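Text of start.cif, listed as mmCIF, C-alpha atoms, pLDDT in the B column; chains and numbers go by the auth columns:
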```
data_upload
loop_
_atom_site.group_PDB
_atom_site.id
_atom_site.type_symbol
_atom_site.label_atom_id
_atom_site.label_comp_id
_atom_site.label_asym_id
_atom_site.label_seq_id
_atom_site.Cartn_x
_atom_site.Cartn_y
_atom_site.Cartn_z
_atom_site.B_iso_or_equiv
_atom_site.auth_seq_id
_atom_site.auth_asym_id
ATOM 1 C CA MET A 1 -18.961 -187.012 -28.589 51.00 1 A
ATOM 2 C CA SER A 2 -18.435 -187.074 -24.818 52.00 2 A
ATOM 3 C CA THR A 3 -16.169 -189.461 -22.928 58.00 3 A
ATOM 4 C CA SER A 4 -17.204 -188.009 -19.552 73.00 4 A
ATOM 5 C CA PRO A 5 -19.428 -189.934 -17.126 89.00 5 A
ATOM 6 C CA TYR A 6 -23.174 -189.452 -17.278 95.00 6 A
ATOM 7 C CA PRO A 7 -23.957 -186.248 -15.372 97.00 7 A
ATOM 8 C CA GLU A 8 -25.523 -186.446 -11.938 97.00 8 A
ATOM 9 C CA GLY A 9 -26.657 -182.865 -12.354 98.00 9 A
ATOM 10 C CA VAL A 10 -26.702 -180.285 -15.151 98.00 10 A
ATOM 11 C CA LEU A 11 -26.095 -176.554 -14.747 98.00 11 A
ATOM 12 C CA PHE A 12 -27.553 -174.289 -17.420 98.00 12 A
ATOM 13 C CA ASP A 13 -26.980 -170.711 -18.447 98.00 13 A
ATOM 14 C CA MET A 14 -30.140 -168.944 -19.632 97.00 14 A
ATOM 15 C CA ASP A 15 -29.773 -165.980 -22.005 95.00 15 A
ATOM 16 C CA GLY A 16 -28.474 -166.962 -25.415 94.00 16 A
ATOM 17 C CA LEU A 17 -28.563 -170.634 -24.480 97.00 17 A
ATOM 18 C CA LEU A 18 -32.110 -171.607 -23.494 98.00 18 A
ATOM 19 C CA LEU A 19 -33.699 -168.310 -24.481 97.00 19 A
ATOM 20 C CA ASP A 20 -33.075 -166.401 -27.700 94.00 20 A
ATOM 21 C CA SER A 21 -32.737 -163.224 -25.661 90.00 21 A
ATOM 22 C CA GLU A 22 -29.237 -161.920 -26.386 86.00 22 A
ATOM 23 C CA ARG A 23 -30.368 -160.275 -29.596 90.00 23 A
ATOM 24 C CA LEU A 24 -33.166 -158.556 -27.694 90.00 24 A
ATOM 25 C CA ALA A 25 -30.702 -157.247 -25.097 88.00 25 A
ATOM 26 C CA ARG A 26 -28.304 -156.069 -27.790 92.00 26 A
ATOM 27 C CA ASP A 27 -31.058 -154.275 -29.693 92.00 27 A
ATOM 28 C CA ALA A 28 -32.208 -152.599 -26.465 93.00 28 A
ATOM 29 C CA PHE A 29 -28.654 -151.398 -25.835 93.00 29 A
ATOM 30 C CA VAL A 30 -28.407 -149.978 -29.362 94.00 30 A
ATOM 31 C CA ARG A 31 -31.683 -148.096 -28.914 95.00 31 A
ATOM 32 C CA ALA A 32 -30.631 -146.784 -25.494 95.00 32 A
ATOM 33 C CA CYS A 33 -27.378 -145.427 -26.921 95.00 33 A
ATOM 34 C CA GLU A 34 -29.230 -143.805 -29.804 95.00 34 A
ATOM 35 C CA ASP A 35 -31.689 -142.201 -27.348 95.00 35 A
ATOM 36 C CA HIS A 36 -28.735 -140.306 -25.875 95.00 36 A
ATOM 37 C CA GLY A 37 -26.972 -139.541 -29.154 95.00 37 A
ATOM 38 C CA TYR A 38 -24.328 -142.279 -29.063 95.00 38 A
ATOM 39 C CA ALA A 39 -23.489 -145.015 -31.551 95.00 39 A
ATOM 40 C CA ALA A 40 -23.475 -148.445 -29.947 93.00 40 A
ATOM 41 C CA ASP A 41 -20.002 -149.992 -29.600 94.00 41 A
ATOM 42 C CA LEU A 42 -20.917 -153.580 -30.376 92.00 42 A
ATOM 43 C CA VAL A 43 -17.345 -154.859 -30.124 92.00 43 A
ATOM 44 C CA THR A 44 -17.256 -153.810 -26.484 94.00 44 A
ATOM 45 C CA TYR A 45 -20.815 -154.994 -26.001 90.00 45 A
ATOM 46 C CA GLN A 46 -19.863 -158.508 -27.067 88.00 46 A
ATOM 47 C CA GLN A 47 -17.214 -158.622 -24.338 88.00 47 A
ATOM 48 C CA CYS A 48 -19.966 -157.969 -21.787 87.00 48 A
ATOM 49 C CA ILE A 49 -22.133 -160.937 -22.744 86.00 49 A
ATOM 50 C CA GLY A 50 -22.451 -163.331 -19.842 79.00 50 A
ATOM 51 C CA SER A 51 -20.677 -160.981 -17.451 80.00 51 A
ATOM 52 C CA THR A 52 -21.816 -159.170 -14.305 81.00 52 A
ATOM 53 C CA TYR A 53 -23.491 -155.782 -14.094 85.00 53 A
ATOM 54 C CA ASP A 54 -20.395 -154.213 -12.547 87.00 54 A
ATOM 55 C CA LYS A 55 -18.056 -155.680 -15.163 87.00 55 A
ATOM 56 C CA THR A 56 -20.367 -154.554 -17.948 91.00 56 A
ATOM 57 C CA ARG A 57 -20.314 -151.008 -16.598 93.00 57 A
ATOM 58 C CA GLU A 58 -16.523 -151.120 -16.285 94.00 58 A
ATOM 59 C CA LEU A 59 -16.002 -152.295 -19.863 94.00 59 A
ATOM 60 C CA ILE A 60 -18.426 -149.814 -21.395 95.00 60 A
ATOM 61 C CA MET A 61 -17.065 -146.870 -19.424 95.00 61 A
ATOM 62 C CA ALA A 62 -13.521 -147.800 -20.446 96.00 62 A
ATOM 63 C CA ALA A 63 -14.578 -147.851 -24.092 95.00 63 A
ATOM 64 C CA TYR A 64 -16.584 -144.602 -24.117 95.00 64 A
ATOM 65 C CA GLY A 65 -14.758 -142.514 -21.526 94.00 65 A
ATOM 66 C CA ALA A 66 -15.593 -140.865 -18.235 93.00 66 A
ATOM 67 C CA ASP A 67 -18.240 -138.533 -19.735 94.00 67 A
ATOM 68 C CA PHE A 68 -20.421 -141.418 -20.914 94.00 68 A
ATOM 69 C CA PRO A 69 -23.806 -141.221 -19.092 95.00 69 A
ATOM 70 C CA TYR A 70 -23.876 -144.899 -18.198 94.00 70 A
ATOM 71 C CA GLU A 71 -26.623 -144.768 -15.567 95.00 71 A
ATOM 72 C CA ALA A 72 -28.991 -142.875 -17.852 96.00 72 A
ATOM 73 C CA ILE A 73 -28.311 -145.219 -20.753 95.00 73 A
ATOM 74 C CA ASP A 74 -28.619 -148.267 -18.507 93.00 74 A
ATOM 75 C CA GLU A 75 -32.045 -147.025 -17.435 95.00 75 A
ATOM 76 C CA ARG A 76 -33.150 -146.707 -21.069 95.00 76 A
ATOM 77 C CA TRP A 77 -31.572 -150.062 -21.880 92.00 77 A
ATOM 78 C CA SER A 78 -33.617 -151.689 -19.138 91.00 78 A
ATOM 79 C CA HIS A 79 -36.732 -149.819 -20.263 94.00 79 A
ATOM 80 C CA HIS A 80 -36.496 -151.038 -23.854 94.00 80 A
ATOM 81 C CA TYR A 81 -35.675 -154.593 -22.776 89.00 81 A
ATOM 82 C CA HIS A 82 -38.531 -154.901 -20.288 89.00 82 A
ATOM 83 C CA ALA A 83 -40.925 -153.332 -22.766 93.00 83 A
ATOM 84 C CA ARG A 84 -40.103 -156.211 -25.095 89.00 84 A
ATOM 85 C CA LEU A 85 -40.550 -158.781 -22.307 87.00 85 A
ATOM 86 C CA ALA A 86 -43.985 -157.350 -21.578 89.00 86 A
ATOM 87 C CA LYS A 87 -45.096 -158.166 -25.125 91.00 87 A
ATOM 88 C CA GLY A 88 -44.762 -161.917 -24.604 88.00 88 A
ATOM 89 C CA PRO A 89 -42.376 -164.784 -23.877 91.00 89 A
ATOM 90 C CA VAL A 90 -38.854 -164.712 -25.238 92.00 90 A
ATOM 91 C CA PRO A 91 -38.452 -167.363 -27.972 94.00 91 A
ATOM 92 C CA LEU A 92 -36.766 -170.594 -26.922 97.00 92 A
ATOM 93 C CA LYS A 93 -33.503 -171.651 -28.508 97.00 93 A
ATOM 94 C CA ASP A 94 -33.652 -174.678 -30.770 97.00 94 A
ATOM 95 C CA GLY A 95 -33.569 -177.887 -28.740 98.00 95 A
ATOM 96 C CA ALA A 96 -34.028 -176.233 -25.344 98.00 96 A
ATOM 97 C CA LEU A 97 -37.362 -177.776 -24.434 98.00 97 A
ATOM 98 C CA ALA A 98 -36.354 -181.200 -25.753 98.00 98 A
ATOM 99 C CA LEU A 99 -33.123 -181.242 -23.738 98.00 99 A
ATOM 100 C CA LEU A 100 -34.745 -180.070 -20.504 98.00 100 A
ATOM 101 C CA THR A 101 -37.524 -182.618 -20.932 98.00 101 A
ATOM 102 C CA HIS A 102 -35.003 -185.394 -21.630 98.00 102 A
ATOM 103 C CA LEU A 103 -33.188 -184.671 -18.379 98.00 103 A
ATOM 104 C CA SER A 104 -36.389 -184.223 -16.395 98.00 104 A
ATOM 105 C CA VAL A 105 -37.781 -187.581 -17.492 98.00 105 A
ATOM 106 C CA ARG A 106 -34.539 -189.213 -16.350 97.00 106 A
ATOM 107 C CA GLU A 107 -34.721 -187.338 -13.026 97.00 107 A
ATOM 108 C CA VAL A 108 -31.408 -185.559 -13.552 98.00 108 A
ATOM 109 C CA PRO A 109 -31.593 -182.407 -11.375 98.00 109 A
ATOM 110 C CA MET A 110 -30.935 -179.055 -12.995 98.00 110 A
ATOM 111 C CA VAL A 111 -29.886 -175.640 -11.706 98.00 111 A
ATOM 112 C CA LEU A 112 -29.999 -172.389 -13.663 98.00 112 A
ATOM 113 C CA VAL A 113 -26.786 -170.349 -13.392 98.00 113 A
ATOM 114 C CA THR A 114 -27.322 -166.904 -14.877 97.00 114 A
ATOM 115 C CA SER A 115 -25.827 -163.417 -14.628 94.00 115 A
ATOM 116 C CA THR A 116 -29.341 -161.996 -14.926 93.00 116 A
ATOM 117 C CA ARG A 117 -30.857 -160.622 -11.737 92.00 117 A
ATOM 118 C CA ARG A 118 -33.404 -162.877 -10.078 96.00 118 A
ATOM 119 C CA ALA A 119 -36.559 -160.865 -10.730 94.00 119 A
ATOM 120 C CA THR A 120 -35.884 -160.673 -14.472 92.00 120 A
ATOM 121 C CA ALA A 121 -34.734 -164.294 -14.673 95.00 121 A
ATOM 122 C CA GLU A 122 -37.881 -165.514 -12.939 96.00 122 A
ATOM 123 C CA GLU A 123 -40.040 -163.310 -15.171 92.00 123 A
ATOM 124 C CA LYS A 124 -38.560 -164.847 -18.314 93.00 124 A
ATOM 125 C CA LEU A 125 -38.603 -168.418 -17.019 97.00 125 A
ATOM 126 C CA GLU A 126 -42.201 -168.178 -15.870 96.00 126 A
ATOM 127 C CA ALA A 127 -43.320 -166.623 -19.151 94.00 127 A
ATOM 128 C CA THR A 128 -41.720 -169.442 -21.153 97.00 128 A
ATOM 129 C CA GLY A 129 -42.750 -172.212 -18.750 97.00 129 A
ATOM 130 C CA LEU A 130 -39.157 -173.318 -18.197 98.00 130 A
ATOM 131 C CA ILE A 131 -38.998 -172.541 -14.496 98.00 131 A
ATOM 132 C CA ARG A 132 -40.580 -175.893 -13.659 98.00 132 A
ATOM 133 C CA PHE A 133 -37.459 -177.739 -14.770 98.00 133 A
ATOM 134 C CA PHE A 134 -35.073 -176.186 -12.252 98.00 134 A
ATOM 135 C CA ALA A 135 -34.420 -177.313 -8.710 97.00 135 A
ATOM 136 C CA SER A 136 -32.813 -173.945 -7.961 98.00 136 A
ATOM 137 C CA LEU A 137 -31.622 -170.694 -9.507 98.00 137 A
ATOM 138 C CA ILE A 138 -28.264 -168.981 -9.050 98.00 138 A
ATOM 139 C CA CYS A 139 -28.775 -165.430 -10.314 97.00 139 A
ATOM 140 C CA GLY A 140 -26.717 -162.310 -10.897 94.00 140 A
ATOM 141 C CA GLY A 141 -25.319 -160.725 -7.752 93.00 141 A
ATOM 142 C CA GLU A 142 -25.967 -163.779 -5.582 97.00 142 A
ATOM 143 C CA THR A 143 -22.361 -164.986 -5.378 96.00 143 A
ATOM 144 C CA GLU A 144 -19.301 -163.070 -4.228 95.00 144 A
ATOM 145 C CA ARG A 145 -17.912 -163.054 -7.751 95.00 145 A
ATOM 146 C CA GLY A 146 -19.769 -163.521 -11.015 95.00 146 A
ATOM 147 C CA LYS A 147 -18.825 -165.062 -14.356 94.00 147 A
ATOM 148 C CA PRO A 148 -16.084 -165.485 -15.620 95.00 148 A
ATOM 149 C CA ASP A 149 -15.067 -166.478 -12.073 96.00 149 A
ATOM 150 C CA PRO A 150 -16.180 -169.968 -11.018 98.00 150 A
ATOM 151 C CA ASP A 151 -18.327 -168.929 -8.042 98.00 151 A
ATOM 152 C CA PRO A 152 -21.751 -169.199 -9.739 98.00 152 A
ATOM 153 C CA TYR A 153 -21.062 -172.732 -10.995 98.00 153 A
ATOM 154 C CA LEU A 154 -19.573 -173.802 -7.671 98.00 154 A
ATOM 155 C CA ALA A 155 -22.745 -172.522 -6.024 98.00 155 A
ATOM 156 C CA GLY A 156 -24.891 -174.414 -8.530 98.00 156 A
ATOM 157 C CA ALA A 157 -23.136 -177.683 -7.796 98.00 157 A
ATOM 158 C CA THR A 158 -23.426 -177.029 -4.071 98.00 158 A
ATOM 159 C CA ARG A 159 -27.193 -176.546 -4.406 97.00 159 A
ATOM 160 C CA LEU A 160 -27.335 -180.062 -5.858 98.00 160 A
ATOM 161 C CA GLU A 161 -24.968 -181.387 -3.150 98.00 161 A
ATOM 162 C CA LEU A 162 -22.615 -182.563 -5.898 97.00 162 A
ATOM 163 C CA GLU A 163 -18.966 -182.064 -6.699 97.00 163 A
ATOM 164 C CA PRO A 164 -18.627 -179.872 -9.834 97.00 164 A
ATOM 165 C CA GLY A 165 -16.842 -182.714 -11.621 96.00 165 A
ATOM 166 C CA ARG A 166 -20.040 -184.749 -11.443 97.00 166 A
ATOM 167 C CA CYS A 167 -21.984 -182.010 -13.247 98.00 167 A
ATOM 168 C CA TRP A 168 -22.293 -180.919 -16.831 98.00 168 A
ATOM 169 C CA ALA A 169 -22.479 -177.199 -17.520 98.00 169 A
ATOM 170 C CA VAL A 170 -24.038 -175.847 -20.714 98.00 170 A
ATOM 171 C CA GLU A 171 -23.142 -172.318 -21.821 98.00 171 A
ATOM 172 C CA ASP A 172 -23.117 -170.031 -24.831 96.00 172 A
ATOM 173 C CA SER A 173 -20.733 -167.213 -23.862 93.00 173 A
ATOM 174 C CA ALA A 174 -16.990 -167.048 -23.330 94.00 174 A
ATOM 175 C CA ASN A 175 -17.444 -165.629 -19.834 93.00 175 A
ATOM 176 C CA GLY A 176 -19.758 -168.459 -18.902 96.00 176 A
ATOM 177 C CA VAL A 177 -17.463 -171.105 -20.338 97.00 177 A
ATOM 178 C CA ARG A 178 -14.513 -169.757 -18.375 97.00 178 A
ATOM 179 C CA ALA A 179 -16.574 -169.838 -15.186 97.00 179 A
ATOM 180 C CA ALA A 180 -17.761 -173.401 -15.687 98.00 180 A
ATOM 181 C CA VAL A 181 -14.352 -174.752 -16.747 98.00 181 A
ATOM 182 C CA SER A 182 -12.723 -173.072 -13.740 98.00 182 A
ATOM 183 C CA ALA A 183 -15.310 -174.665 -11.479 98.00 183 A
ATOM 184 C CA GLY A 184 -14.354 -178.124 -12.758 97.00 184 A
ATOM 185 C CA CYS A 185 -17.518 -179.032 -14.660 98.00 185 A
ATOM 186 C CA THR A 186 -17.730 -180.898 -17.946 97.00 186 A
ATOM 187 C CA VAL A 187 -18.600 -178.019 -20.256 98.00 187 A
ATOM 188 C CA PHE A 188 -20.572 -177.865 -23.480 98.00 188 A
ATOM 189 C CA GLN A 189 -20.696 -174.578 -25.368 98.00 189 A
ATOM 190 C CA VAL A 190 -23.415 -173.707 -27.857 98.00 190 A
ATOM 191 C CA PRO A 191 -22.179 -170.358 -29.257 96.00 191 A
ATOM 192 C CA ASP A 192 -24.791 -167.679 -29.851 93.00 192 A
ATOM 193 C CA LEU A 193 -23.827 -164.142 -30.920 87.00 193 A
ATOM 194 C CA VAL A 194 -20.072 -164.560 -30.589 87.00 194 A
ATOM 195 C CA ALA A 195 -18.001 -167.429 -32.004 91.00 195 A
ATOM 196 C CA PRO A 196 -15.375 -168.891 -29.655 94.00 196 A
ATOM 197 C CA THR A 197 -11.853 -167.598 -30.147 94.00 197 A
ATOM 198 C CA ALA A 198 -8.838 -169.828 -30.618 96.00 198 A
ATOM 199 C CA GLU A 199 -7.809 -168.893 -27.078 95.00 199 A
ATOM 200 C CA LEU A 200 -11.156 -170.059 -25.682 95.00 200 A
ATOM 201 C CA GLU A 201 -10.964 -173.304 -27.629 96.00 201 A
ATOM 202 C CA GLN A 202 -7.737 -174.099 -25.795 96.00 202 A
ATOM 203 C CA LEU A 203 -9.765 -174.648 -22.613 96.00 203 A
ATOM 204 C CA GLY A 204 -10.660 -178.066 -23.994 94.00 204 A
ATOM 205 C CA HIS A 205 -14.431 -177.942 -23.540 97.00 205 A
ATOM 206 C CA GLN A 206 -16.836 -179.315 -26.127 97.00 206 A
ATOM 207 C CA ILE A 207 -18.196 -176.847 -28.687 97.00 207 A
ATOM 208 C CA VAL A 208 -21.388 -177.920 -30.425 98.00 208 A
ATOM 209 C CA GLU A 209 -23.790 -176.311 -32.850 96.00 209 A
ATOM 210 C CA SER A 210 -27.024 -176.790 -30.948 97.00 210 A
ATOM 211 C CA LEU A 211 -28.618 -178.124 -27.794 98.00 211 A
ATOM 212 C CA HIS A 212 -29.676 -181.157 -29.819 98.00 212 A
ATOM 213 C CA GLU A 213 -26.029 -182.242 -29.800 98.00 213 A
ATOM 214 C CA VAL A 214 -25.915 -182.067 -26.016 98.00 214 A
ATOM 215 C CA GLN A 215 -28.978 -184.302 -25.908 98.00 215 A
ATOM 216 C CA ALA A 216 -27.296 -186.651 -28.377 97.00 216 A
ATOM 217 C CA ALA A 217 -24.286 -186.906 -26.065 96.00 217 A
ATOM 218 C CA LEU A 218 -26.598 -187.905 -23.222 97.00 218 A
ATOM 219 C CA SER A 219 -28.327 -190.494 -25.376 96.00 219 A
ATOM 220 C CA ALA A 220 -24.985 -191.974 -26.450 95.00 220 A
ATOM 221 C CA LEU A 221 -23.948 -192.433 -22.824 95.00 221 A
ATOM 222 C CA GLU A 222 -27.322 -193.941 -21.989 94.00 222 A
ATOM 223 C CA ALA A 223 -26.890 -196.460 -24.803 92.00 223 A
ATOM 224 C CA LEU A 224 -23.478 -197.483 -23.456 90.00 224 A
ATOM 225 C CA ASN A 225 -24.955 -198.154 -20.042 81.00 225 A
ATOM 226 C CA ARG A 226 -27.837 -200.336 -21.201 76.00 226 A
#
```
Encoded form using structure tokens:
Amino acid sequence: MSTSPYPEGVLFDMDGLLLDSERLARDAFVRACEDHGYAADLVTYQQCIGSTYDKTRELIMAAYGADFPYEAIDERWSHHYHARLAKGPVPLKDGALALLTHLSVREVPMVLVTSTRRATAEEKLEATGLIRFFASLICGGETERGKPDPDPYLAGATRLELEPGRCWAVEDSANGVRAAVSAGCTVFQVPDLVAPTAELEQLGHQIVESLHEVQAALSALEALNR
């Protein structure tokens, strides 16, 4: 599957990749819109997945118009989402624990690179027990530019004291893929809510169906080096 060298570090997105949380966020957005008498524009919403808070606001305001009460809806969106988090851990995506364990056993360092703000990211990672796998977290708002710009993945590689080309990046969203490819990482995409477009496929990254396939790529390289 992969002809790239074995990674010296792996950079992971979180929502929609390790955690089955994108559906929860989408449902919270739908409810928040309904609370204020609006129908949720899910086409625009999909463009926001993996992006920054500011970009999300920009896209939604452009779609709904200047009269859209974004701050009030964002408050309700956050309320519904955190109410769900309070009920228990977000479900893991298929293969997430196996892949993280595989890398941990082989002492491959990992950094989480997420657009989610730190407090919420840490809450979800602690609840699921995944936080123990990561040497560091790069969270939303902690780099000058967010996804789809490369800054978060460049920062992740820097935390590991590695060149980006020596790292694998694993993503689900188009915005995340663009960020990781621009940074120079070897990129695997496991699509979640939104299938990759033909334009995205032209970036040349590897698109797989599950995290099990990423683990299989690691195992294949390990077998070659025995």
Restrict the calculation to all atoms listed in the file, then for each residue of range 87-119 of chain A with any atom at most 12 Å from an atom of range 175-189 of chain A give the closest atom pair and their distance in Å to one decimal, rows by chain and rising residue number, as a Markdown table.
```
| residue | atom | partner | partner_atom | distance |
| --- | --- | --- | --- | --- |
| A:Val113 | CA | A:Gly176 | CA | 9.1 |
| A:Thr114 | CA | A:Gly176 | CA | 8.7 |
| A:Ser115 | CA | A:Gly176 | CA | 9.0 |
```
Residues matched by the PyMOL selection byres ((chain A and resi 135) around 8) as a ChimeraX atom specification: /A:109-111,133-134,136-137
Quick one: which residues end up in the PyMOL selection byres ((chain A and resi 163) around 10) for this structure, as a VMD selection string? chain A and resid 8 to 9 154 156 to 158 160 to 162 164 to 167 183 to 185
Give as a PyMOL selection string the residues that the PyMOL selection byres ((chain A and resi 30) around 10) matches when applied to the coordinates above. chain A and resi 24-29+31-35+38-42+45+73+77+80
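Among the candidates A:Asp149, A:Thr44, A:Pro7, A:Glu123, the residue lying nearest to Gly88 in chain A is A:Glu123 (atoms considered: all atoms listed in the file).
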Got a sec to check which residues sit within 12 Å of (-18.6, -167.8, -30.4), counting only C-alpha atoms, and write them as a PyMOL selection string? chain A and resi 16-17+46-47+49+171-177+189-201+207-209
If you measure from CA of Leu11 in chain A to CA of Lys87 in chain A, what distance in Å do you get, rounded to one decimal? 28.4 Å
At a cut-off of 10 Å, using only C-alpha atoms, what residues contact Ala63 in chain A? Leave out same-chain residues fewer than 2 positions from it and give the result as a list in words. Asp41, Val43, Thr44, Tyr45, Arg57, Glu58, Leu59, Ile60, Met61, Gly65, Ala66 and Phe68 of chain A
Pairwise distance for CA of Leu92 in chain A and CA of Ser104 in chain A, rounded to one decimal in Å: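 Between CA of Leu92 in chain A and CA of Ser104 in chain A the gap is 17.2 Å.
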As JSON, please: the centre and edge lengths in Å, to one decimal, of an axis-aligned box enclosing every listed atom of range 209-218 of chain A with 3 Å added on each side.
```
{"center_x": -26.7, "center_y": -182.1, "center_z": -28.0, "size_x": 11.9, "size_y": 17.6, "size_z": 15.6}
```
Counting only C-alpha atoms, the residue of A:Ile131, A:Tyr6, A:Pro89, A:Val170 that sits nearest Ser21 in chain A: A:Pro89
Residue with smallest distance to Ala216 in chain A - pool A:Gly141, A:Arg118, A:Asp151, A:His102, counting only C-alpha atoms: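 Smallest separation from Ala216 in chain A among the options: A:His102.
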To one decimal place, how far is CA of Ala155 in chain A from CA of Ala121 in chain A in Å?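 Value for the CA of Ala155 in chain A-CA of Ala121 in chain A distance: 16.9 Å.
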Please identify all polymer residues within 10 Å of Val90 in chain A, counting all atoms listed in the file, omitting same-chain residues fewer than 6 positions from it, and present them as number ranges by chain. A: 15, 18-21, 24, 84, 124-125, 127-128
With all atoms listed in the file as the counted atoms, please give the residues lying no more than 12 Å from Ser219 in chain A, apart from itself and same-chain residues fewer than 2 positions off, as a ChimeraX atom specification. /A:1-2,6-7,99,102-103,106,212-217,221-226
For Thr56 in chain A, which residue out of A:Gly129, A:Pro150, A:Arg145, A:Asp74 is the nearest one, using only C-alpha atoms?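 Answer, going by the shortest atom-to-atom distance: A:Asp74.
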Measuring atom to atom with all atoms listed in the file, identify which of A:Phe12, A:Cys48, A:Tyr153, A:Leu100 is nearest to Leu218 in chain A. A:Leu100
For a quick check of understanding, using all atoms listed in the file, which of A:Ala220, A:Leu85, A:Leu112, A:Ala169 has the smallest distance to Gln206 in chain A? A:Ala169
